[in-house]
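S.K.: Supplied structure: entry07.txt, compact mmCIF, C-alpha atoms.
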```txt
# COMPACT_ATOMS: atom_id res chain seq x y z
CA ALA A 1 55.67 58.42 -137.12
CA GLN A 2 53.03 60.84 -138.26
CA SER A 3 53.45 62.11 -141.80
CA VAL A 4 51.77 64.20 -144.47
CA SER A 5 51.90 63.32 -148.16
CA GLN A 6 51.38 65.67 -151.05
CA HIS A 7 51.61 63.66 -154.22
CA ASN A 8 51.58 66.53 -156.71
CA HIS A 9 55.00 68.16 -156.70
CA HIS A 10 54.41 70.61 -159.52
CA VAL A 11 51.08 71.44 -161.11
CA ILE A 12 50.76 73.62 -164.20
CA LEU A 13 47.35 75.00 -165.17
CA SER A 14 45.89 77.63 -167.42
CA GLU A 15 43.88 80.49 -166.00
CA ALA A 16 40.25 79.58 -165.28
CA ALA A 17 41.05 75.88 -164.94
CA SER A 18 39.86 74.04 -161.85
CA LEU A 19 42.36 73.02 -159.21
CA GLU A 20 42.58 70.10 -156.83
CA LEU A 21 45.71 69.43 -154.78
CA GLY A 22 45.93 66.20 -152.85
CA CYS A 23 46.90 65.82 -149.19
CA ASN A 24 46.91 62.64 -147.14
CA TYR A 25 48.05 62.18 -143.56
CA SER A 26 48.92 59.18 -141.47
CA TYR A 27 47.49 59.33 -137.97
CA GLY A 28 44.53 57.48 -136.54
CA GLY A 29 43.43 59.96 -133.91
CA THR A 30 41.81 63.36 -133.96
CA VAL A 31 43.63 65.87 -136.12
CA ASN A 32 43.61 69.52 -137.04
CA LEU A 33 44.35 70.20 -140.70
CA PHE A 34 45.73 73.22 -142.50
CA TRP A 35 46.67 74.52 -145.89
CA TYR A 36 49.35 77.19 -146.06
CA VAL A 37 50.45 79.16 -149.09
CA GLN A 38 53.78 80.75 -149.89
CA TYR A 39 53.61 83.36 -152.63
CA PRO A 40 56.95 84.21 -154.28
CA GLY A 41 59.06 86.27 -151.90
CA GLN A 42 56.44 86.31 -149.15
CA HIS A 43 55.84 84.71 -145.75
CA LEU A 44 54.04 81.44 -145.42
CA GLN A 45 50.45 82.28 -144.58
CA LEU A 46 47.36 80.34 -143.63
CA LEU A 47 44.92 79.60 -146.43
CA LEU A 48 42.36 77.62 -144.45
CA LYS A 49 42.01 75.24 -141.53
CA TYR A 50 39.82 72.46 -140.23
CA PHE A 51 39.30 71.84 -136.54
CA SER A 52 35.86 70.27 -136.24
CA GLY A 53 32.33 70.44 -137.59
CA ASP A 54 31.55 70.84 -141.28
CA PRO A 55 34.20 68.89 -143.20
CA LEU A 56 34.02 71.36 -146.08
CA VAL A 57 35.95 74.46 -145.09
CA LYS A 58 36.30 77.69 -147.00
CA GLY A 59 39.37 79.85 -146.95
CA ILE A 60 40.67 83.04 -148.46
CA LYS A 61 40.74 83.84 -152.18
CA GLY A 62 38.06 81.31 -153.12
CA PHE A 63 39.88 78.22 -151.89
CA GLU A 64 38.14 75.39 -150.10
CA ALA A 65 39.14 72.00 -148.74
CA GLU A 66 37.25 68.87 -147.79
CA PHE A 67 38.19 66.65 -144.88
CA ILE A 68 37.38 63.01 -145.60
CA LYS A 69 38.17 61.11 -142.43
CA SER A 70 37.78 57.65 -143.97
CA LYS A 71 40.38 58.50 -146.59
CA PHE A 72 42.70 60.47 -144.27
CA SER A 73 42.56 63.22 -146.85
CA PHE A 74 42.24 66.99 -146.92
CA ASN A 75 42.33 68.02 -150.57
CA LEU A 76 42.47 71.67 -151.58
CA ARG A 77 40.20 72.92 -154.38
CA LYS A 78 39.46 76.06 -156.34
CA PRO A 79 36.91 76.14 -159.17
CA SER A 80 38.76 78.68 -161.32
CA VAL A 81 42.40 79.62 -160.77
CA GLN A 82 43.99 82.96 -161.52
CA TRP A 83 47.55 83.85 -162.46
CA SER A 84 47.95 85.33 -158.97
CA ASP A 85 47.46 81.87 -157.46
CA THR A 86 50.96 80.96 -158.59
CA ALA A 87 52.62 79.88 -155.34
CA GLU A 88 53.72 76.90 -153.31
CA TYR A 89 51.04 75.19 -151.24
CA PHE A 90 51.68 73.18 -148.09
CA CYS A 91 49.37 70.85 -146.26
CA ALA A 92 49.94 70.50 -142.49
CA VAL A 93 48.54 68.50 -139.61
CA THR A 94 48.59 68.63 -135.85
CA MET A 95 47.47 65.83 -133.60
CA TYR A 96 44.86 66.74 -131.02
CA SER A 97 46.95 64.95 -128.39
CA SER A 98 50.05 66.97 -129.22
CA ALA A 99 48.80 70.28 -130.43
CA SER A 100 52.23 71.87 -130.45
CA LYS A 101 53.81 69.68 -133.08
CA ILE A 102 52.94 70.78 -136.61
CA ILE A 103 53.91 68.42 -139.43
CA PHE A 104 54.07 69.72 -143.01
CA GLY A 105 53.92 67.98 -146.34
CA SER A 106 56.54 68.38 -149.04
CA GLY A 107 54.59 71.10 -150.82
CA THR A 108 53.06 71.51 -154.27
CA ARG A 109 54.30 74.19 -156.62
CA LEU A 110 51.44 75.65 -158.64
CA SER A 111 52.23 77.49 -161.85
CA ILE A 112 49.42 79.28 -163.69
CA ARG A 113 49.80 80.13 -167.35
CA PRO A 114 48.23 83.49 -168.20
CA ASP B 1 52.99 95.52 -135.31
CA GLY B 2 52.87 91.97 -133.94
CA GLY B 3 54.88 89.38 -135.70
CA ILE B 4 57.92 87.19 -135.96
CA THR B 5 61.30 88.60 -136.81
CA GLN B 6 64.11 86.49 -138.14
CA SER B 7 67.55 87.88 -138.61
CA PRO B 8 69.57 88.11 -140.68
CA LYS B 9 67.78 87.50 -143.97
CA TYR B 10 70.95 86.15 -145.60
CA LEU B 11 73.88 84.56 -143.80
CA PHE B 12 77.15 83.24 -145.10
CA ARG B 13 79.50 81.11 -143.07
CA LYS B 14 82.61 79.08 -143.62
CA GLU B 15 82.43 75.34 -143.27
CA GLY B 16 83.23 74.17 -139.76
CA GLN B 17 81.90 77.26 -138.01
CA ASN B 18 78.86 77.30 -135.77
CA VAL B 19 76.25 79.92 -136.61
CA THR B 20 73.22 81.15 -134.67
CA LEU B 21 69.99 82.25 -136.31
CA SER B 22 67.78 84.66 -134.42
CA CYS B 23 64.01 84.43 -134.02
CA GLU B 24 61.96 86.87 -131.94
CA GLN B 25 58.17 87.10 -131.59
CA ASN B 26 55.92 89.65 -129.92
CA LEU B 27 52.69 87.70 -130.36
CA ASN B 28 52.79 86.33 -126.80
CA HIS B 29 52.73 82.80 -128.22
CA ASP B 30 53.83 79.93 -126.02
CA ALA B 31 55.05 77.61 -128.78
CA MET B 32 57.87 78.28 -131.20
CA TYR B 33 59.30 76.22 -134.04
CA TRP B 34 62.23 75.91 -136.38
CA TYR B 35 61.78 74.40 -139.82
CA ARG B 36 64.18 73.81 -142.65
CA GLN B 37 62.88 74.28 -146.19
CA ASP B 38 64.64 72.56 -149.08
CA PRO B 39 63.33 72.34 -152.67
CA GLY B 40 61.04 69.36 -153.10
CA GLN B 41 61.15 68.43 -149.41
CA GLY B 42 58.76 70.94 -147.94
CA LEU B 43 59.18 72.06 -144.35
CA ARG B 44 60.95 69.68 -142.04
CA LEU B 45 60.74 70.23 -138.31
CA ILE B 46 64.06 70.74 -136.56
CA TYR B 47 63.06 71.68 -133.02
CA TYR B 48 59.99 73.02 -131.27
CA SER B 49 59.30 74.48 -127.87
CA GLN B 50 55.96 74.47 -126.09
CA ILE B 51 56.98 76.70 -123.18
CA VAL B 52 59.98 78.54 -121.83
CA ASN B 53 62.91 76.33 -120.81
CA ASP B 54 61.48 73.35 -122.66
CA PHE B 55 62.05 72.12 -126.20
CA GLN B 56 61.66 68.93 -128.20
CA LYS B 57 63.55 67.44 -131.11
CA GLY B 58 61.79 67.38 -134.43
CA ASP B 59 62.47 65.04 -137.32
CA ILE B 60 65.89 66.41 -138.29
CA ALA B 61 67.46 67.72 -135.06
CA GLU B 62 70.93 66.27 -135.60
CA GLY B 63 73.55 68.98 -135.95
CA TYR B 64 71.30 71.68 -134.50
CA SER B 65 70.75 73.10 -131.03
CA VAL B 66 68.26 75.54 -129.53
CA SER B 67 67.50 77.38 -126.32
CA ARG B 68 64.31 78.92 -124.95
CA GLU B 69 65.30 81.17 -122.08
CA LYS B 70 62.65 83.78 -122.86
CA LYS B 71 59.14 83.43 -124.23
CA GLU B 72 59.91 85.86 -127.04
CA SER B 73 63.10 84.27 -128.30
CA PHE B 74 64.05 80.88 -129.80
CA PRO B 75 67.53 81.01 -131.36
CA LEU B 76 68.78 78.13 -133.51
CA THR B 77 72.44 77.19 -133.66
CA VAL B 78 73.63 75.31 -136.71
CA THR B 79 76.70 73.44 -135.57
CA SER B 80 79.64 72.13 -137.55
CA ALA B 81 78.15 68.66 -137.06
CA GLN B 82 75.31 69.46 -139.46
CA LYS B 83 76.42 67.80 -142.69
CA ASN B 84 74.40 69.85 -145.13
CA PRO B 85 73.60 73.18 -143.48
CA THR B 86 72.97 75.30 -146.58
CA ALA B 87 69.20 75.83 -146.59
CA PHE B 88 66.32 78.20 -145.96
CA TYR B 89 65.34 78.28 -142.28
CA LEU B 90 61.90 79.29 -141.09
CA CYS B 91 60.84 80.18 -137.57
CA ALA B 92 57.21 80.05 -136.47
CA SER B 93 55.10 80.48 -133.38
CA SER B 94 51.64 79.42 -132.26
CA ILE B 95 49.24 79.16 -129.37
CA PRO B 96 49.37 75.41 -128.84
CA ARG B 97 45.82 74.81 -127.70
CA ALA B 98 44.17 71.71 -129.07
CA GLY B 99 41.86 72.99 -131.74
CA ASN B 100 43.76 76.19 -132.38
CA THR B 101 47.33 75.67 -133.52
CA GLU B 102 47.63 78.01 -136.47
CA ALA B 103 51.31 78.88 -136.95
CA PHE B 104 52.63 82.31 -137.85
CA PHE B 105 55.88 82.46 -139.76
CA GLY B 106 58.84 84.74 -140.05
CA GLN B 107 60.40 85.74 -143.37
CA GLY B 108 63.15 83.19 -143.07
CA THR B 109 66.94 83.15 -143.08
CA ARG B 110 68.85 81.79 -146.03
CA LEU B 111 72.05 80.23 -144.78
CA THR B 112 74.88 79.49 -147.17
CA VAL B 113 77.91 77.59 -145.97
CA VAL B 114 80.97 77.80 -148.17
```
Just give me the structure of the file as structure tokens.

M.R.:
Amino acid sequence: AQSVSQHNHHVILSEAASLELGCNYSYGGTVNLFWYVQYPGQHLQLLLKYFSGDPLVKGIKGFEAEFIKSKFSFNLRKPSVQWSDTAEYFCAVTMYSSASKIIFGSGTRLSIRP
Amino acid sequence: DGGITQSPKYLFRKEGQNVTLSCEQNLNHDAMYWYRQDPGQGLRLIYYSQIVNDFQKGDIAEGYSVSREKKESFPLTVTSAQKNPTAFYLCASSIPRAGNTEAFFGQGTRLTVV
């Protein structure tokens, strides 16, 4: 079965530190990849997405992610985090052959020390 | 405003009772989803529906049932057969075209079974 792995369950950083959250998926075909963010008390919302083309995608609030097909990875990065980035981050994948089914990872809780 | 409405926000039920969670969308999306969110486990797919009168089991469908009689509505029933029903339930919708499956989420319903 298709799956998404996020190996970092809880990450704690100081403001201005660089961030990288890992995401790996298991599926050999064409995929669409997403990062969602859930700020405390708010809806899940889309941070960025990859469908095709340039494997380096940029999202809102200075986040970016790189799709590395050979590694089945889609890691999320930000050069300098802010306290307001405190949230839970979810990686998700859909298979091109079954675009309706969206599989999420277990999430990474990011805590930023002011 | 377009969006997804889940009601109620908090729900309490006695053990052994069935309970139905409401999800309505006015985004004209074909696909709708139900996820369960538990700490440390991310979002796990319960059921999804690609079109009216059609739905598919997700990874944890046991003890749940759904219907999709209208495009706008996708209610989830948590039955007494669900062994651990206390959780946060999220409804989502999307346009399930290959290459464009961004999901939009409701605010969630927190169900507590006592």

S.K.: Provide the atom CA of B:Gly108 to atom CA of B:Gln25 distance in Å, to one decimal place.

M.R.: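 So the answer is 13.1 Å.
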
S.K.: Near B:Val19, counting all atoms listed in the file, which residues have an atom at most 8 Å away, once you skip same-chain residues fewer than 4 positions from it, shown as a VMD selection string?

M.R.: chain B and resid 13 77 to 79

S.K.: Please work out which residues fall within 12 Å of (42.4, 75.8, -146.4), coordinates as given in the file, with only C-alpha atoms counting, and return them as a PyMOL selection string.

M.R.: (chain A and resi 20-21+23+32-37+45-51+55-67+74-78+89-93) or (chain B and resi 102)

S.K.: Mind giving me the straight-line distance from atom CA of B:Cys23 to atom CA of B:Lys9 in Å, one decimal?

M.R.: 11.1 Å

S.K.: Could I get the residues of chain B with an atom no further than 8 Å from an atom of chain A, each paired with its nearest atom pair and that distance in Å to one decimal, using all atoms listed in the file, sorted by chain and residue number, as a tab-separated table?

M.R.:
```
residue	atom	partner	partner_atom	distance
B:Ala31	CA	A:Ser100	CA	6.6
B:Gly40	CA	A:Ser106	CA	6.1
B:Gln41	CA	A:Ser106	CA	4.6
B:Gly42	CA	A:Ser106	CA	3.6
B:Leu43	CA	A:Phe104	CA	5.8
B:Arg44	CA	A:Phe104	CA	6.9
B:Leu45	CA	A:Ile103	CA	7.2
B:Tyr48	CA	A:Lys101	CA	7.3
B:Ser49	CA	A:Ser100	CA	8.0
B:Gln50	CA	A:Ser100	CA	6.3
B:Ser94	CA	A:Ser100	CA	7.8
B:Ile95	CA	A:Ser100	CA	8.0
B:Pro96	CA	A:Ser100	CA	4.8
B:Arg97	CA	A:Ala99	CA	6.1
B:Ala98	CA	A:Ala99	CA	5.0
B:Gly99	CA	A:Phe51	CA	5.6
B:Asn100	CA	A:Phe51	CA	7.5
B:Thr101	CA	A:Ala99	CA	6.4
B:Glu102	CA	A:Leu46	CA	7.5
B:Ala103	CA	A:Leu46	CA	7.9
B:Phe104	CA	A:Gln45	CA	7.1
B:Phe105	CA	A:Leu44	CA	6.0
B:Gly106	CA	A:His43	CA	6.4
B:Gln107	CA	A:His43	CA	5.2
B:Gly108	CA	A:His43	CA	7.9
```

S.K.: Separation of atom CA of A:Gly22 and atom CA of A:Lys71, in Å?

M.R.: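 Atom CA of A:Lys71 lies at a distance of 11.4 Å from atom CA of A:Gly22.
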
S.K.: Near B:Gly16, counting all atoms listed in the file, which residues have an atom at most 9 Å away, once you skip same-chain residues fewer than 6 positions from it, shown as a PyMOL selection string?

M.R.: chain B and resi 79-81+113

S.K.: Would you pick out the contacts of stretch 59-76 of chain B at 8 Å or less, using all atoms listed in the file, so that residues sharing its chain but fewer than 3 positions from it are not included, and give the list as an NGL selection string?

M.R.: :B and (20-26 or 28-30 or 32-34 or 44-47 or 49 or 51-55 or 79-83)

S.K.: Give me a file of those residues, with C-alpha atoms, as an mmCIF file, in the coordinates of the input.

M.R.:
```cif
data_model
loop_
_atom_site.group_PDB
_atom_site.id
_atom_site.type_symbol
_atom_site.label_atom_id
_atom_site.label_comp_id
_atom_site.auth_asym_id
_atom_site.auth_seq_id
_atom_site.Cartn_x
_atom_site.Cartn_y
_atom_site.Cartn_z
ATOM 1 C CA THR B 20 73.220 81.150 -134.670
ATOM 2 C CA LEU B 21 69.990 82.250 -136.310
ATOM 3 C CA SER B 22 67.780 84.660 -134.420
ATOM 4 C CA CYS B 23 64.010 84.430 -134.020
ATOM 5 C CA GLU B 24 61.960 86.870 -131.940
ATOM 6 C CA GLN B 25 58.170 87.100 -131.590
ATOM 7 C CA ASN B 26 55.920 89.650 -129.920
ATOM 8 C CA ASN B 28 52.790 86.330 -126.800
ATOM 9 C CA HIS B 29 52.730 82.800 -128.220
ATOM 10 C CA ASP B 30 53.830 79.930 -126.020
ATOM 11 C CA MET B 32 57.870 78.280 -131.200
ATOM 12 C CA TYR B 33 59.300 76.220 -134.040
ATOM 13 C CA TRP B 34 62.230 75.910 -136.380
ATOM 14 C CA ARG B 44 60.950 69.680 -142.040
ATOM 15 C CA LEU B 45 60.740 70.230 -138.310
ATOM 16 C CA ILE B 46 64.060 70.740 -136.560
ATOM 17 C CA TYR B 47 63.060 71.680 -133.020
ATOM 18 C CA SER B 49 59.300 74.480 -127.870
ATOM 19 C CA ILE B 51 56.980 76.700 -123.180
ATOM 20 C CA VAL B 52 59.980 78.540 -121.830
ATOM 21 C CA ASN B 53 62.910 76.330 -120.810
ATOM 22 C CA ASP B 54 61.480 73.350 -122.660
ATOM 23 C CA PHE B 55 62.050 72.120 -126.200
ATOM 24 C CA THR B 79 76.700 73.440 -135.570
ATOM 25 C CA SER B 80 79.640 72.130 -137.550
ATOM 26 C CA ALA B 81 78.150 68.660 -137.060
ATOM 27 C CA GLN B 82 75.310 69.460 -139.460
ATOM 28 C CA LYS B 83 76.420 67.800 -142.690
#
```
